[in-house]
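Asker: Pasting a structure below so you can have a look.
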Amino acid sequence: MKKEVLFSGKGGQGLGVMGRILALAATIEEKEVASSSSYGGEVTGGLSQSEVIISDEAIDFPSVLDPDILVTVSQDSYDQLISHTDCRALLFCDPGLIDPDHNREGPGLILIPAAEQAVENFGKSQFANMIMLGAVVALTQIVRPESVAQVIGQEFKAKSPELNQRAFAIGLRIGGEASQCPVGDLANREH
């Protein structure tokens, strides 16, 4: 199993944090991992991406070339990436931030209202990234939720780990409900 994940949006949306947590969760499970982040010149508001490759075998090239999972949380990043993304990739979007092409061919366009849920549950959108990460983990099963929860506890030790874990749990619930809809079989797409 080898899966390539690309988180894309604007600086300040917590994309690097999402990638780091996913990568660390995979290392807990003793999987091979490659991870990197890139930011636009102005960081907050500029294009930001986080890449994670998770594999059972050695990773020969440490950069995402053809994502199996694309998580995009800004219209600019969506517009820039959608035409270059394989139609077999699972595409996660926040419908409050993106107007996606609902005619896109492929196994799944998955709409996760992460920002809306963050505001509804926490009064601010700051926790949208953990909600989105929870939905991604629930739907793809790329790592175990317990591994992610463990990393969240470690990474946010000084900054509200319980709130971030609660946000992640909300995402797991949303993803679990969304998984009842046919979105294609990610397991059938191997590199």
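Chain labels follow the order of the structure tokens: the first chain is A, the next B, and so on; residue numbering restarts at 1 in every chain, and ligands are counted from 1 in their shown order.
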List the spatial neighbours of Leu163 in chain A as a PDB file with N, CA and C atoms, in the first residue's frame - criterion: any atom at most 9 Å away, only C-alpha atoms, same-chain residues fewer than 4 positions off excluded.
Answerer:
```pdb
ATOM      1  N   PHE A 122     -17.132  25.549  18.188  1.00  0.00           N
ATOM      2  CA  PHE A 122     -16.084  26.212  18.963  1.00  0.00           C
ATOM      3  C   PHE A 122     -16.151  27.737  18.897  1.00  0.00           C
ATOM      4  N   PHE A 127     -10.442  25.436  14.364  1.00  0.00           N
ATOM      5  CA  PHE A 127     -10.368  23.984  14.487  1.00  0.00           C
ATOM      6  C   PHE A 127     -10.851  23.242  13.239  1.00  0.00           C
ATOM      7  N   LYS A 159      -1.296  23.558  24.005  1.00  0.00           N
ATOM      8  CA  LYS A 159      -2.329  24.372  23.349  1.00  0.00           C
ATOM      9  C   LYS A 159      -3.611  23.587  23.125  1.00  0.00           C
ATOM     10  N   ALA A 167     -12.363  18.308  18.096  1.00  0.00           N
ATOM     11  CA  ALA A 167     -12.572  18.673  16.693  1.00  0.00           C
ATOM     12  C   ALA A 167     -12.298  17.478  15.783  1.00  0.00           C
ATOM     13  N   PHE A 168     -11.236  16.745  16.066  1.00  0.00           N
ATOM     14  CA  PHE A 168     -10.915  15.541  15.291  1.00  0.00           C
ATOM     15  C   PHE A 168     -12.061  14.528  15.388  1.00  0.00           C
TER      16      PHE A 168
END
```
Asker: Assign secondary structure with DSSP using the backbone only, and return the residues of range 18-83 of chain A in strand (DSSP E or B) as a list of chain:residue names.
Answerer: A:Glu32, A:Val33, A:Ala34, A:Ser35, A:Ser36, A:Ser37, A:Ser38, A:Tyr39, A:Thr44, A:Leu47, A:Ser48, A:Gln49, A:Ser50, A:Glu51, A:Val52, A:Ile53, A:Ile54, A:Ser55, A:Ile69, A:Leu70, A:Val71, A:Thr72
Asker: How many Å separate CA of Asn121 in chain A from CA of Lys10 in chain A?
Answerer: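 So the answer is 22.3 Å.
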Asker: Name all residues at most 12 Å from Glu146 in chain A (count only C-alpha atoms; drop same-chain ones fewer than 5 positions away) and give them as a list in words.
Answerer: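 The neighbour list is Ile21, Leu22, Ala25, Ala26, Ile28, Glu29, Gly134, Val137, Ala138, Gln141, Val151, Ile152, Gly153, Gln165, Phe168, Ala169 and Leu172 of chain A.
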Asker: Mind writing the picked residues with N, CA and C atoms as a short mmCIF file (atom, residue, chain, number, x, y, z; two decimals), in the first residue's frame?
Answerer:
```
data_model
loop_
_atom_site.label_atom_id
_atom_site.label_comp_id
_atom_site.auth_asym_id
_atom_site.auth_seq_id
_atom_site.Cartn_x
_atom_site.Cartn_y
_atom_site.Cartn_z
N ILE A 21 0.64 15.89 11.55
CA ILE A 21 -0.09 14.95 12.40
C ILE A 21 -0.33 13.63 11.67
N LEU A 22 -0.74 13.69 10.40
CA LEU A 22 -0.96 12.47 9.63
C LEU A 22 0.35 11.68 9.50
N ALA A 25 1.30 10.08 12.83
CA ALA A 25 0.41 8.96 13.11
C ALA A 25 0.85 7.72 12.33
N ALA A 26 1.26 7.92 11.09
CA ALA A 26 1.74 6.79 10.27
C ALA A 26 3.03 6.21 10.84
N ILE A 28 3.84 6.10 14.00
CA ILE A 28 3.43 5.31 15.16
C ILE A 28 3.04 3.90 14.72
N GLU A 29 2.44 3.82 13.54
CA GLU A 29 2.02 2.52 13.00
C GLU A 29 3.13 1.83 12.22
N GLY A 134 -10.11 14.60 10.60
CA GLY A 134 -10.93 13.50 11.11
C GLY A 134 -11.76 12.87 10.01
N VAL A 137 -9.46 10.78 7.71
CA VAL A 137 -9.07 9.52 8.34
C VAL A 137 -10.25 8.55 8.38
N ALA A 138 -11.44 9.04 8.69
CA ALA A 138 -12.62 8.16 8.76
C ALA A 138 -12.92 7.54 7.40
N GLN A 141 -9.28 5.59 5.99
CA GLN A 141 -8.65 4.63 6.89
C GLN A 141 -7.16 4.50 6.61
N VAL A 151 -1.16 11.51 18.58
CA VAL A 151 -0.29 12.58 18.08
C VAL A 151 -0.86 13.95 18.46
N ILE A 152 -2.17 14.12 18.34
CA ILE A 152 -2.79 15.39 18.71
C ILE A 152 -2.49 15.70 20.17
N GLY A 153 -2.60 14.70 21.03
CA GLY A 153 -2.30 14.91 22.44
C GLY A 153 -0.87 15.36 22.68
N GLN A 165 -8.65 17.42 19.95
CA GLN A 165 -9.13 16.04 19.88
C GLN A 165 -10.65 16.01 19.69
N PHE A 168 -11.24 16.75 16.07
CA PHE A 168 -10.91 15.54 15.29
C PHE A 168 -12.06 14.53 15.39
N ALA A 169 -12.62 14.36 16.58
CA ALA A 169 -13.74 13.42 16.78
C ALA A 169 -14.97 13.86 15.99
N LEU A 172 -14.31 12.77 12.53
CA LEU A 172 -14.52 11.32 12.40
C LEU A 172 -16.00 11.00 12.24
#
```
Asker: Among range 31-85 of chain A, which ones does DSSP assign to helix (DSSP H, G or I) (computed from the backbone)? Answer as an mmCIF file with C-alpha atoms, in the first residue's frame.
Answerer:
```
data_model
loop_
_atom_site.group_PDB
_atom_site.id
_atom_site.type_symbol
_atom_site.label_atom_id
_atom_site.label_comp_id
_atom_site.auth_asym_id
_atom_site.auth_seq_id
_atom_site.Cartn_x
_atom_site.Cartn_y
_atom_site.Cartn_z
ATOM 1 C CA GLN A 75 -10.957 28.254 -4.087
ATOM 2 C CA ASP A 76 -7.574 29.341 -5.465
ATOM 3 C CA SER A 77 -5.911 26.043 -4.576
ATOM 4 C CA TYR A 78 -8.877 24.063 -5.894
ATOM 5 C CA ASP A 79 -8.853 25.959 -9.203
ATOM 6 C CA GLN A 80 -5.096 25.526 -9.542
ATOM 7 C CA LEU A 81 -4.997 21.787 -8.777
ATOM 8 C CA ILE A 82 -8.230 20.266 -10.037
ATOM 9 C CA SER A 83 -7.308 20.088 -13.718
ATOM 10 C CA HIS A 84 -3.976 18.418 -12.871
#
```
Asker: Identify, on the basis of only C-alpha atoms, every residue whose closest approach to Ile98 in chain A does not exceed 7 Å; exclude the query and any residue fewer than 5 positions from it along the same chain; express the result as a list in words.
Answerer: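 Residues near the query, excluding close chain neighbours: Val73, Ser74, Gln75 and Cys93 of chain A.
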Asker: Which neighbours of Glu116 in chain A fall inside 10 Å, counting only C-alpha atoms, when residues of the same chain fewer than 3 positions from it are skipped, and could you give them as a list in words?
Answerer: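 The residues that qualify are Asp94, Pro95, Gly96, Leu97, Ile112, Pro113, Val119, Glu120, Asn121, Phe122, Gly123, Lys124, Ser125 and Ala128 of chain A.
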Asker: Smallest atom-to-atom distance to Ala118 in chain A: which of A:Ile170, A:Ala178, A:Ile69, A:Ile142, using only C-alpha atoms?
Answerer: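 For Ala118 in chain A, the nearest of the candidates is A:Ile170.
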Asker: Quick one: of A:Val71, A:Ile53, A:Ile174, A:Ile59, who's nearest to Phe7 in chain A, counting only C-alpha atoms?
Answerer: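 Closest to Phe7 in chain A of all the choices is A:Val71.
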Asker: Nearest to Lys31 in chain A: which of A:Leu111, A:Val143, A:Pro100, A:Ser63 is it, counting only C-alpha atoms?
Answerer: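 That would be A:Val143, the residue with the smallest distance to Lys31 in chain A.
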Asker: Considering only C-alpha atoms, return as a list in words whatever protein or nucleic-acid residues lie within 10 Å of Pro67 in chain A, sequence-local ones (same chain, fewer than 5 positions apart) excluded.
Answerer: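 Once the adjacent positions are removed, what remains is Lys3, Glu4, Val5, Leu6, Phe7, Glu51, Val52, Ile53, His84, Thr85, Asp86, Arg88, Ala89, Leu90 and Leu91 of chain A.
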Asker: With N, CA and C atoms retained, write the just-selected residues as a compact mmCIF listing (two decimals), in the first residue's frame.
Answerer:
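Final output, out_15.txt:
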```txt
# COMPACT_ATOMS: atom_id res chain seq x y z
N LYS A 3 0.07 5.49 -0.45
CA LYS A 3 -0.92 6.53 -0.68
C LYS A 3 -0.24 7.89 -0.61
N GLU A 4 -0.59 8.73 -1.56
CA GLU A 4 -0.09 10.10 -1.61
C GLU A 4 -1.22 11.05 -1.26
N VAL A 5 -0.94 11.95 -0.31
CA VAL A 5 -1.95 12.88 0.19
C VAL A 5 -1.44 14.30 -0.01
N LEU A 6 -2.28 15.16 -0.53
CA LEU A 6 -1.94 16.57 -0.70
C LEU A 6 -3.00 17.42 -0.04
N PHE A 7 -2.57 18.23 0.94
CA PHE A 7 -3.43 19.21 1.59
C PHE A 7 -3.08 20.55 0.95
N GLU A 51 2.37 17.90 1.91
CA GLU A 51 2.36 16.62 1.22
C GLU A 51 2.74 15.51 2.19
N VAL A 52 2.05 14.38 2.09
CA VAL A 52 2.38 13.22 2.90
C VAL A 52 2.27 11.98 2.01
N ILE A 53 3.30 11.16 2.05
CA ILE A 53 3.27 9.86 1.38
C ILE A 53 3.40 8.81 2.47
N HIS A 84 -5.20 19.23 -12.83
CA HIS A 84 -3.98 18.42 -12.87
C HIS A 84 -4.07 17.18 -11.98
N THR A 85 -5.21 16.97 -11.35
CA THR A 85 -5.38 15.85 -10.42
C THR A 85 -6.09 14.71 -11.11
N ASP A 86 -5.54 13.53 -10.96
CA ASP A 86 -6.13 12.32 -11.54
C ASP A 86 -7.58 12.20 -11.08
N ARG A 88 -9.19 9.73 -10.47
CA ARG A 88 -9.39 8.63 -9.52
C ARG A 88 -9.10 9.05 -8.09
N ALA A 89 -8.58 10.25 -7.89
CA ALA A 89 -8.26 10.71 -6.54
C ALA A 89 -9.54 11.05 -5.78
N LEU A 90 -9.53 10.76 -4.48
CA LEU A 90 -10.61 11.23 -3.62
C LEU A 90 -10.36 12.70 -3.36
N LEU A 91 -11.37 13.50 -3.56
CA LEU A 91 -11.26 14.95 -3.44
C LEU A 91 -12.12 15.43 -2.28
```
Asker: Compare A:Ile110, A:Lys2, A:Gln13, A:Thr27 by their minimum atom-to-atom distance to Pro62 in chain A, counting only C-alpha atoms, and give me the closest one.
Answerer: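 Looking at the shortest contact to Pro62 in chain A, the residue is A:Lys2.
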